[in-house]
file upload-v5.tsv (TSV, C-alpha atoms and all ligand atoms)
chain	number	residue	atom	x	y	z
X	901	MET	CA	8.08	9.89	17.29
X	902	SER	CA	11.63	10.67	16.09
X	903	ASP	CA	13.37	8.26	18.46
X	904	HIS	CA	14.95	5.71	16.12
X	905	SER	CA	16.57	3.32	18.55
X	906	GLU	CA	17.93	0.06	17.07
X	907	LEU	CA	16.28	-1.88	19.86
X	908	ASP	CA	12.96	-0.50	18.76
X	909	SER	CA	13.14	-1.56	15.14
X	910	GLU	CA	9.78	-3.35	15.21
X	911	ASN	CA	8.02	-0.24	16.48
X	912	VAL	CA	9.87	1.99	14.07
X	913	ARG	CA	8.77	-0.22	11.20
X	914	ASP	CA	5.11	0.02	12.22
X	915	ALA	CA	5.40	3.74	12.82
X	916	GLY	CA	6.88	4.17	9.34
X	917	PHE	CA	3.93	2.45	7.74
X	918	ASP	CA	1.41	4.31	9.91
X	919	ASP	CA	2.94	7.56	8.70
X	920	TRP	CA	2.55	6.34	5.16
X	921	LEU	CA	-1.13	5.46	5.74
X	922	ASP	CA	-1.65	8.93	7.24
X	923	ALA	CA	-0.16	10.46	4.10
X	924	ALA	CA	-2.27	8.23	1.84
X	925	GLU	CA	-5.41	9.22	3.74
X	926	ALA	CA	-4.52	12.86	3.16
X	927	HIS	CA	-4.08	12.07	-0.57
X	928	GLU	CA	-0.36	12.62	-0.23
X	929	ALA	CA	0.84	9.08	-0.84
X	930	TYR	CA	4.53	8.88	-1.65
X	931	TYR	CA	7.25	6.40	-2.46
X	932	LEU	CA	10.93	6.33	-1.70
X	933	GLU	CA	13.40	6.86	-4.51
X	934	CYS	CA	17.10	6.11	-4.22
X	935	ASP	CA	19.78	8.07	-6.03
X	936	ALA	CA	19.76	5.43	-8.81
X	937	GLY	CA	16.03	5.95	-9.40
X	938	HIS	CA	14.73	2.71	-7.86
X	939	GLY	CA	11.38	2.93	-6.11
X	940	SER	CA	10.43	1.35	-2.80
X	941	LEU	CA	7.94	1.94	-0.03
X	942	PRO	CA	8.17	2.71	3.67
X	943	PRO	CA	9.20	1.43	6.10
X	944	ARG	CA	12.27	0.57	4.02
X	945	GLN	CA	15.35	2.59	4.82
X	946	VAL	CA	17.60	0.88	2.30
X	947	CYS	CA	16.93	0.50	-1.43
X	948	PRO	CA	16.04	-3.18	-2.07
X	949	GLU	CA	17.62	-3.01	-5.53
X	950	CYS	CA	21.02	-1.47	-4.92
X	951	GLY	CA	21.40	-1.01	-1.17
X	952	SER	CA	21.50	2.77	-1.33
X	953	THR	CA	20.44	4.54	1.85
X	954	ALA	CA	19.96	7.88	0.10
X	955	LEU	CA	16.19	7.61	-0.17
X	956	THR	CA	14.02	10.62	-0.85
X	957	LYS	CA	10.23	10.90	-0.69
X	958	GLU	CA	8.61	11.41	-4.05
X	959	PRO	CA	4.88	11.82	-4.75
X	960	LEU	CA	3.31	8.53	-5.79
X	961	PRO	CA	2.50	8.71	-9.51
X	962	GLU	CA	-1.26	8.17	-9.65
X	963	PRO	CA	-3.33	6.63	-10.98
X	964	GLY	CA	-1.77	3.19	-10.91
X	965	GLU	CA	-2.91	0.13	-12.82
X	966	ILE	CA	-4.08	-3.18	-11.46
X	967	ALA	CA	-1.57	-5.83	-12.52
X	968	THR	CA	-3.18	-8.90	-10.96
X	969	TYR	CA	-5.99	-9.50	-8.52
X	970	THR	CA	-7.62	-12.29	-6.56
X	971	VAL	CA	-11.17	-12.43	-5.26
X	972	THR	CA	-11.48	-14.11	-1.89
X	973	HIS	CA	-14.87	-15.55	-1.05
X	974	VAL	CA	-13.89	-17.44	2.07
X	975	ALA	CA	-11.36	-15.51	4.05
X	976	THR	CA	-8.93	-16.49	6.74
X	977	PRO	CA	-10.32	-15.71	10.21
X	978	SER	CA	-8.55	-12.35	10.40
X	979	PHE	CA	-10.49	-11.11	7.36
X	980	ALA	CA	-13.67	-13.18	7.77
X	981	ASP	CA	-16.05	-10.22	8.00
X	982	ASP	CA	-14.58	-8.59	4.91
X	983	ALA	CA	-15.29	-11.49	2.52
X	984	PRO	CA	-15.90	-11.51	-0.33
X	985	TYR	CA	-13.21	-9.01	-1.22
X	986	ALA	CA	-10.59	-8.49	-3.89
X	987	THR	CA	-6.90	-8.12	-3.26
X	988	ALA	CA	-4.83	-6.66	-6.07
X	989	ILE	CA	-1.26	-5.86	-6.93
X	990	ALA	CA	-1.10	-2.50	-8.66
X	991	ASP	CA	1.75	-0.75	-10.44
X	992	PHE	CA	2.38	2.89	-9.60
X	993	GLY	CA	5.30	3.84	-11.83
X	994	PRO	CA	8.43	2.64	-10.04
X	995	VAL	CA	6.60	0.88	-7.21
X	996	ARG	CA	4.18	-1.98	-6.96
X	997	MET	CA	1.94	-2.51	-3.96
X	998	THR	CA	-0.75	-4.79	-2.65
X	999	GLY	CA	-4.12	-3.57	-1.47
X	1000	GLN	CA	-7.80	-4.27	-1.16
X	1001	VAL	CA	-9.94	-3.08	-4.08
X	1002	VAL	CA	-12.84	-0.95	-2.85
X	1003	GLU	CA	-15.87	0.90	-4.23
X	1004	ILE	CA	-16.36	-1.33	-7.26
X	1005	ASP	CA	-18.37	-4.46	-7.97
X	1006	LEU	CA	-16.01	-7.39	-7.75
X	1007	GLU	CA	-16.98	-8.61	-11.23
X	1008	ASP	CA	-15.96	-5.24	-12.72
X	1009	ILE	CA	-12.36	-5.50	-11.57
X	1010	GLU	CA	-9.94	-6.19	-14.41
X	1011	GLN	CA	-6.29	-6.02	-15.27
X	1012	GLY	CA	-5.26	-2.53	-16.29
X	1013	LEU	CA	-8.02	-0.86	-14.26
X	1014	GLU	CA	-6.81	2.57	-13.14
X	1015	VAL	CA	-6.85	3.07	-9.41
X	1016	GLU	CA	-5.65	5.50	-6.82
X	1017	VAL	CA	-4.45	4.70	-3.35
X	1018	ALA	CA	-6.90	5.00	-0.48
X	1019	VAL	CA	-7.04	3.68	3.04
X	1020	THR	CA	-9.80	1.43	4.27
X	1021	VAL	CA	-10.48	-0.19	7.59
X	1022	SER	CA	-10.76	-3.95	7.83
X	1023	GLU	CA	-14.25	-4.81	9.01
X	1024	THR	CA	-12.76	-7.75	10.85
X	1025	THR	CA	-9.77	-6.33	12.66
X	1026	GLY	CA	-10.54	-2.61	12.66
X	1027	GLU	CA	-7.03	-1.97	11.37
X	1028	ARG	CA	-6.24	0.34	8.50
X	1029	VAL	CA	-5.18	-1.33	5.27
X	1030	VAL	CA	-4.12	-0.07	1.86
X	1031	ALA	CA	-7.01	0.14	-0.58
X	1032	PHE	CA	-7.28	0.79	-4.30
X	1033	GLN	CA	-10.14	2.92	-5.48
X	1034	PRO	CA	-11.05	3.13	-9.17
X	1035	VAL	CA	-10.55	6.64	-10.56
L	1	ZN	ZN	18.46	1.74	-5.65

call {"tool": "encode", "arguments": {"input": "upload-v5.tsv", "output": "structure tokens", "more": "lines below"}}
Ligand SMILES: [Zn+2]
result
Amino acid sequence: MSDHSELDSENVRDAGFDDWLDAAEAHEAYYLECDAGHGSLPPRQVCPECGSTALTKEPLPEPGEIATYTVTHVATPSFADDAPYATAIADFGPVRMTGQVVEIDLEDIEQGLEVEVAVTVSETTGERVVAFQPV
């Protein structure tokens, strides 16, 4: 899995995110920090803020806080079996990520709710997705 061919960039990108999901499942979620202190997430290999390629893995500061969320009652076909569900954007210190809110009644979700990163499996596609679990 360490073959980083340019021709394979699509696969490398997926592999990078799979690795991240593996880490999140093991409660070792991390983010990438450049030498100027900007945060980003895999599979990025270049800082989106300043273009630095000197990215180091840092432990994700948890818990994060839900910044905004949306409850979906009627989903697109690829998430049909998961509806209703809530998708949120949560702030984890220097990084912000999107995920599905799990293990809470949808009406109890609110801005500022503290969550930690988890991994859930879409009931529709069987694929792993980022989840936020209230702490
Ligand atoms: Zn940077």

call {"tool": "closest_residue", "arguments": {"input": "upload-v5.tsv", "among": "X:Gln1000, X:Thr970, X:Gln945, X:Ser940", "to": "Val1030 of chain X", "atoms": "all atoms listed in the file"}}
result
X:Gln1000

call {"tool": "closest_atom_pairs", "arguments": {"input": "upload-v5.tsv", "of": "chain X", "to": "ligand ZN 1 (chain L)", "cutoff": "9 Å", "atoms": "all atoms listed in the file", "output": "CSV"}}
result
residue,atom,partner,partner_atom,distance
X:Glu933,CA,L:ZN1,ZN,7.3
X:Cys934,CA,L:ZN1,ZN,4.8
X:Asp935,CA,L:ZN1,ZN,6.5
X:Ala936,CA,L:ZN1,ZN,5.0
X:Gly937,CA,L:ZN1,ZN,6.1
X:His938,CA,L:ZN1,ZN,4.4
X:Gly939,CA,L:ZN1,ZN,7.2
X:Ser940,CA,L:ZN1,ZN,8.5
X:Val946,CA,L:ZN1,ZN,8.0
X:Cys947,CA,L:ZN1,ZN,4.7
X:Pro948,CA,L:ZN1,ZN,6.5
X:Glu949,CA,L:ZN1,ZN,4.8
X:Cys950,CA,L:ZN1,ZN,4.2
X:Gly951,CA,L:ZN1,ZN,6.0
X:Ser952,CA,L:ZN1,ZN,5.4
X:Thr953,CA,L:ZN1,ZN,8.2
X:Ala954,CA,L:ZN1,ZN,8.5
X:Leu955,CA,L:ZN1,ZN,8.3

call {"tool": "closest_residue", "arguments": {"input": "upload-v5.tsv", "among": "X:Tyr931, X:Phe1032, X:Tyr969, X:Trp920", "to": "Thr987 of chain X", "atoms": "all atoms listed in the file"}}
result
X:Tyr969

call {"tool": "closest_residue", "arguments": {"input": "upload-v5.tsv", "among": "X:Pro963, X:Pro977, X:Pro994, X:Pro984", "to": "Val1015 of chain X", "atoms": "only C-alpha atoms"}}
result
X:Pro963

call {"tool": "residues_around", "arguments": {"input": "upload-v5.tsv", "residues": "Thr972 of chain X", "least_positions_apart": "4", "cutoff": "7 Å", "atoms": "all atoms listed in the file", "output": "mmCIF file with C-alpha atoms, keeping the file's coordinate frame"}}
result
data_model
loop_
_atom_site.group_PDB
_atom_site.id
_atom_site.type_symbol
_atom_site.label_atom_id
_atom_site.label_comp_id
_atom_site.auth_asym_id
_atom_site.auth_seq_id
_atom_site.Cartn_x
_atom_site.Cartn_y
_atom_site.Cartn_z
ATOM 1 C CA ALA X 983 -15.290 -11.490 2.520
ATOM 2 C CA PRO X 984 -15.900 -11.510 -0.330
ATOM 3 C CA TYR X 985 -13.210 -9.010 -1.220
ATOM 4 C CA ALA X 986 -10.590 -8.490 -3.890
#

call {"tool": "atom_distance", "arguments": {"input": "upload-v5.tsv", "atom1": "atom CA of His927 of chain X", "atom2": "atom CA of Ala1018 of chain X"}}
result
7.6 Å

call {"tool": "residues_around", "arguments": {"input": "upload-v5.tsv", "residues": "Glu958 of chain X", "least_positions_apart": "2", "cutoff": "9 Å", "atoms": "all atoms listed in the file", "output": "JSON, numbers by chain"}}
result
{"X": [929, 930, 931, 932, 933, 956, 960, 961]}

call {"tool": "atom_distance", "arguments": {"input": "upload-v5.tsv", "atom1": "atom CA of Glu1027 of chain X", "atom2": "atom CA of Asp982 of chain X"}}
result
11.9 Å

call {"tool": "closest_residue", "arguments": {"input": "upload-v5.tsv", "among": "X:Ile966, X:Val1017, X:Leu1006, X:Val1035", "to": "Ala990 of chain X", "atoms": "all atoms listed in the file"}}
result
X:Ile966

call {"tool": "residues_around", "arguments": {"input": "upload-v5.tsv", "residues": "Thr1020 of chain X", "least_positions_apart": "5", "cutoff": "6 Å", "atoms": "all atoms listed in the file", "output": "MDAnalysis selection string"}}
result
chainID X and resid 1028:1029 1031

call {"tool": "atom_distance", "arguments": {"input": "upload-v5.tsv", "atom1": "atom CA of Thr1024 of chain X", "atom2": "atom CA of Ala980 of chain X"}}
result
6.3 Å

call {"tool": "residues_around", "arguments": {"input": "upload-v5.tsv", "residues": "Glu965 of chain X", "least_positions_apart": "5", "cutoff": "7 Å", "atoms": "only C-alpha atoms", "output": "PyMOL selection string"}}
result
chain X and resi 990-992+1012-1015

call {"tool": "write_last_selection", "arguments": {"input": "upload-v5.tsv", "atoms": "C-alpha atoms", "output": "PDB file, in the coordinates of the input"}}
result
ATOM      1  CA  ALA X 990      -1.100  -2.500  -8.660  1.00  0.00           C
ATOM      2  CA  ASP X 991       1.750  -0.750 -10.440  1.00  0.00           C
ATOM      3  CA  PHE X 992       2.380   2.890  -9.600  1.00  0.00           C
ATOM      4  CA  GLY X1012      -5.260  -2.530 -16.290  1.00  0.00           C
ATOM      5  CA  LEU X1013      -8.020  -0.860 -14.260  1.00  0.00           C
ATOM      6  CA  GLU X1014      -6.810   2.570 -13.140  1.00  0.00           C
ATOM      7  CA  VAL X1015      -6.850   3.070  -9.410  1.00  0.00           C
TER       8      VAL X1015
END

call {"tool": "closest_residue", "arguments": {"input": "upload-v5.tsv", "among": "X:Val995, X:Pro1034, X:Glu1007, X:Val1019", "to": "Ala926 of chain X", "atoms": "only C-alpha atoms"}}
result
X:Val1019

call {"tool": "axis_aligned_box", "arguments": {"input": "upload-v5.tsv", "around": "segment 980-995 of chain X", "padding_each_side": "4 Å", "output": "JSON"}}
result
{"center_x": -3.8, "center_y": -4.7, "center_z": -1.9, "size_x": 32.5, "size_y": 25.0, "size_z": 27.8}

call {"tool": "residues_around", "arguments": {"input": "upload-v5.tsv", "residues": "Glu1003 of chain X", "least_positions_apart": "2", "cutoff": "8 Å", "atoms": "only C-alpha atoms", "output": "list in words"}}
result
Val1001, Asp1005, Gln1033 and Pro1034 of chain X

call {"tool": "closest_residue", "arguments": {"input": "upload-v5.tsv", "among": "X:Val1021, X:Pro959, X:Asp1008, X:Gly916", "to": "Pro943 of chain X", "atoms": "only C-alpha atoms"}}
result
X:Gly916

call {"tool": "decode", "arguments": {"input": "upload-v5.tsv", "residues": "segment 950-976 of chain X", "atoms": "N, CA, C and O atoms", "output": "PDB file, in the first residue's frame"}}
result
ATOM      1  N   CYS X 950      -1.923  27.344   2.615  1.00  0.00           N
ATOM      2  CA  CYS X 950      -0.668  28.000   2.245  1.00  0.00           C
ATOM      3  C   CYS X 950       0.167  27.186   1.263  1.00  0.00           C
ATOM      4  O   CYS X 950       1.224  27.637   0.839  1.00  0.00           O
ATOM      5  N   GLY X 951      -0.294  26.009   0.891  1.00  0.00           N
ATOM      6  CA  GLY X 951       0.430  25.236  -0.107  1.00  0.00           C
ATOM      7  C   GLY X 951       1.611  24.451   0.431  1.00  0.00           C
ATOM      8  O   GLY X 951       2.329  23.806  -0.335  1.00  0.00           O
ATOM      9  N   SER X 952       1.818  24.481   1.732  1.00  0.00           N
ATOM     10  CA  SER X 952       2.931  23.739   2.314  1.00  0.00           C
ATOM     11  C   SER X 952       2.729  22.235   2.115  1.00  0.00           C
ATOM     12  O   SER X 952       1.610  21.735   2.200  1.00  0.00           O
ATOM     13  N   THR X 953       3.806  21.528   1.858  1.00  0.00           N
ATOM     14  CA  THR X 953       3.712  20.070   1.750  1.00  0.00           C
ATOM     15  C   THR X 953       4.299  19.401   2.988  1.00  0.00           C
ATOM     16  O   THR X 953       4.384  18.182   3.053  1.00  0.00           O
ATOM     17  N   ALA X 954       4.702  20.207   3.959  1.00  0.00           N
ATOM     18  CA  ALA X 954       5.268  19.647   5.190  1.00  0.00           C
ATOM     19  C   ALA X 954       4.129  19.393   6.169  1.00  0.00           C
ATOM     20  O   ALA X 954       3.901  20.168   7.098  1.00  0.00           O
ATOM     21  N   LEU X 955       3.380  18.327   5.940  1.00  0.00           N
ATOM     22  CA  LEU X 955       2.223  18.028   6.775  1.00  0.00           C
ATOM     23  C   LEU X 955       2.576  16.916   7.760  1.00  0.00           C
ATOM     24  O   LEU X 955       3.160  15.907   7.386  1.00  0.00           O
ATOM     25  N   THR X 956       2.222  17.132   9.008  1.00  0.00           N
ATOM     26  CA  THR X 956       2.448  16.091  10.003  1.00  0.00           C
ATOM     27  C   THR X 956       1.109  15.673  10.595  1.00  0.00           C
ATOM     28  O   THR X 956       0.167  16.461  10.662  1.00  0.00           O
ATOM     29  N   LYS X 957       1.019  14.426  11.014  1.00  0.00           N
ATOM     30  CA  LYS X 957      -0.197  13.909  11.640  1.00  0.00           C
ATOM     31  C   LYS X 957      -0.241  14.347  13.091  1.00  0.00           C
ATOM     32  O   LYS X 957       0.715  14.151  13.835  1.00  0.00           O
ATOM     33  N   GLU X 958      -1.338  14.931  13.475  1.00  0.00           N
ATOM     34  CA  GLU X 958      -1.546  15.327  14.865  1.00  0.00           C
ATOM     35  C   GLU X 958      -2.844  14.692  15.343  1.00  0.00           C
ATOM     36  O   GLU X 958      -3.790  14.576  14.567  1.00  0.00           O
ATOM     37  N   PRO X 959      -2.922  14.333  16.634  1.00  0.00           N
ATOM     38  CA  PRO X 959      -4.168  13.748  17.133  1.00  0.00           C
ATOM     39  C   PRO X 959      -5.309  14.754  16.995  1.00  0.00           C
ATOM     40  O   PRO X 959      -5.124  15.936  17.265  1.00  0.00           O
ATOM     41  N   LEU X 960      -6.457  14.283  16.563  1.00  0.00           N
ATOM     42  CA  LEU X 960      -7.617  15.159  16.424  1.00  0.00           C
ATOM     43  C   LEU X 960      -8.049  15.621  17.819  1.00  0.00           C
ATOM     44  O   LEU X 960      -8.244  14.801  18.706  1.00  0.00           O
ATOM     45  N   PRO X 961      -8.165  16.941  18.021  1.00  0.00           N
ATOM     46  CA  PRO X 961      -8.622  17.401  19.332  1.00  0.00           C
ATOM     47  C   PRO X 961     -10.102  17.091  19.524  1.00  0.00           C
ATOM     48  O   PRO X 961     -10.942  17.651  18.829  1.00  0.00           O
ATOM     49  N   GLU X 962     -10.419  16.190  20.420  1.00  0.00           N
ATOM     50  CA  GLU X 962     -11.812  15.811  20.653  1.00  0.00           C
ATOM     51  C   GLU X 962     -12.192  16.170  22.078  1.00  0.00           C
ATOM     52  O   GLU X 962     -11.339  16.177  22.953  1.00  0.00           O
ATOM     53  N   PRO X 963     -13.459  16.433  22.384  1.00  0.00           N
ATOM     54  CA  PRO X 963     -14.545  16.408  21.430  1.00  0.00           C
ATOM     55  C   PRO X 963     -14.579  17.651  20.544  1.00  0.00           C
ATOM     56  O   PRO X 963     -13.975  18.663  20.883  1.00  0.00           O
ATOM     57  N   GLY X 964     -15.312  17.521  19.447  1.00  0.00           N
ATOM     58  CA  GLY X 964     -15.586  18.673  18.596  1.00  0.00           C
ATOM     59  C   GLY X 964     -16.974  19.196  18.917  1.00  0.00           C
ATOM     60  O   GLY X 964     -17.662  18.677  19.798  1.00  0.00           O
ATOM     61  N   GLU X 965     -17.360  20.234  18.196  1.00  0.00           N
ATOM     62  CA  GLU X 965     -18.678  20.841  18.427  1.00  0.00           C
ATOM     63  C   GLU X 965     -19.428  20.940  17.121  1.00  0.00           C
ATOM     64  O   GLU X 965     -18.870  21.377  16.112  1.00  0.00           O
ATOM     65  N   ILE X 966     -20.697  20.579  17.156  1.00  0.00           N
ATOM     66  CA  ILE X 966     -21.511  20.699  15.945  1.00  0.00           C
ATOM     67  C   ILE X 966     -21.705  22.179  15.624  1.00  0.00           C
ATOM     68  O   ILE X 966     -22.128  22.960  16.476  1.00  0.00           O
ATOM     69  N   ALA X 967     -21.355  22.543  14.398  1.00  0.00           N
ATOM     70  CA  ALA X 967     -21.482  23.933  13.950  1.00  0.00           C
ATOM     71  C   ALA X 967     -22.831  24.133  13.254  1.00  0.00           C
ATOM     72  O   ALA X 967     -23.538  25.090  13.553  1.00  0.00           O
ATOM     73  N   THR X 968     -23.165  23.258  12.348  1.00  0.00           N
ATOM     74  CA  THR X 968     -24.464  23.311  11.672  1.00  0.00           C
ATOM     75  C   THR X 968     -24.876  21.882  11.377  1.00  0.00           C
ATOM     76  O   THR X 968     -24.038  20.983  11.307  1.00  0.00           O
ATOM     77  N   TYR X 969     -26.169  21.678  11.206  1.00  0.00           N
ATOM     78  CA  TYR X 969     -26.625  20.335  10.854  1.00  0.00           C
ATOM     79  C   TYR X 969     -27.902  20.426  10.035  1.00  0.00           C
ATOM     80  O   TYR X 969     -28.588  21.449  10.051  1.00  0.00           O
ATOM     81  N   THR X 970     -28.189  19.371   9.328  1.00  0.00           N
ATOM     82  CA  THR X 970     -29.383  19.280   8.500  1.00  0.00           C
ATOM     83  C   THR X 970     -29.979  17.908   8.715  1.00  0.00           C
ATOM     84  O   THR X 970     -29.261  16.909   8.693  1.00  0.00           O
ATOM     85  N   VAL X 971     -31.288  17.851   8.916  1.00  0.00           N
ATOM     86  CA  VAL X 971     -31.959  16.561   9.021  1.00  0.00           C
ATOM     87  C   VAL X 971     -32.595  16.248   7.672  1.00  0.00           C
ATOM     88  O   VAL X 971     -33.308  17.076   7.109  1.00  0.00           O
ATOM     89  N   THR X 972     -32.285  15.076   7.165  1.00  0.00           N
ATOM     90  CA  THR X 972     -32.816  14.657   5.871  1.00  0.00           C
ATOM     91  C   THR X 972     -33.882  13.596   6.096  1.00  0.00           C
ATOM     92  O   THR X 972     -33.604  12.550   6.684  1.00  0.00           O
ATOM     93  N   HIS X 973     -35.090  13.901   5.680  1.00  0.00           N
ATOM     94  CA  HIS X 973     -36.179  12.932   5.829  1.00  0.00           C
ATOM     95  C   HIS X 973     -36.368  12.086   4.588  1.00  0.00           C
ATOM     96  O   HIS X 973     -36.734  10.922   4.665  1.00  0.00           O
ATOM     97  N   VAL X 974     -36.127  12.693   3.442  1.00  0.00           N
ATOM     98  CA  VAL X 974     -36.238  11.967   2.179  1.00  0.00           C
ATOM     99  C   VAL X 974     -34.879  12.056   1.504  1.00  0.00           C
ATOM    100  O   VAL X 974     -34.456  13.118   1.068  1.00  0.00           O
ATOM    101  N   ALA X 975     -34.200  10.951   1.486  1.00  0.00           N
ATOM    102  CA  ALA X 975     -32.820  10.957   1.016  1.00  0.00           C
ATOM    103  C   ALA X 975     -32.726  10.693  -0.480  1.00  0.00           C
ATOM    104  O   ALA X 975     -33.647  10.176  -1.093  1.00  0.00           O
ATOM    105  N   THR X 976     -31.575  11.052  -1.014  1.00  0.00           N
ATOM    106  CA  THR X 976     -31.260  10.651  -2.383  1.00  0.00           C
ATOM    107  C   THR X 976     -31.157   9.126  -2.399  1.00  0.00           C
ATOM    108  O   THR X 976     -30.953   8.508  -1.352  1.00  0.00           O
TER     109      THR X 976
END
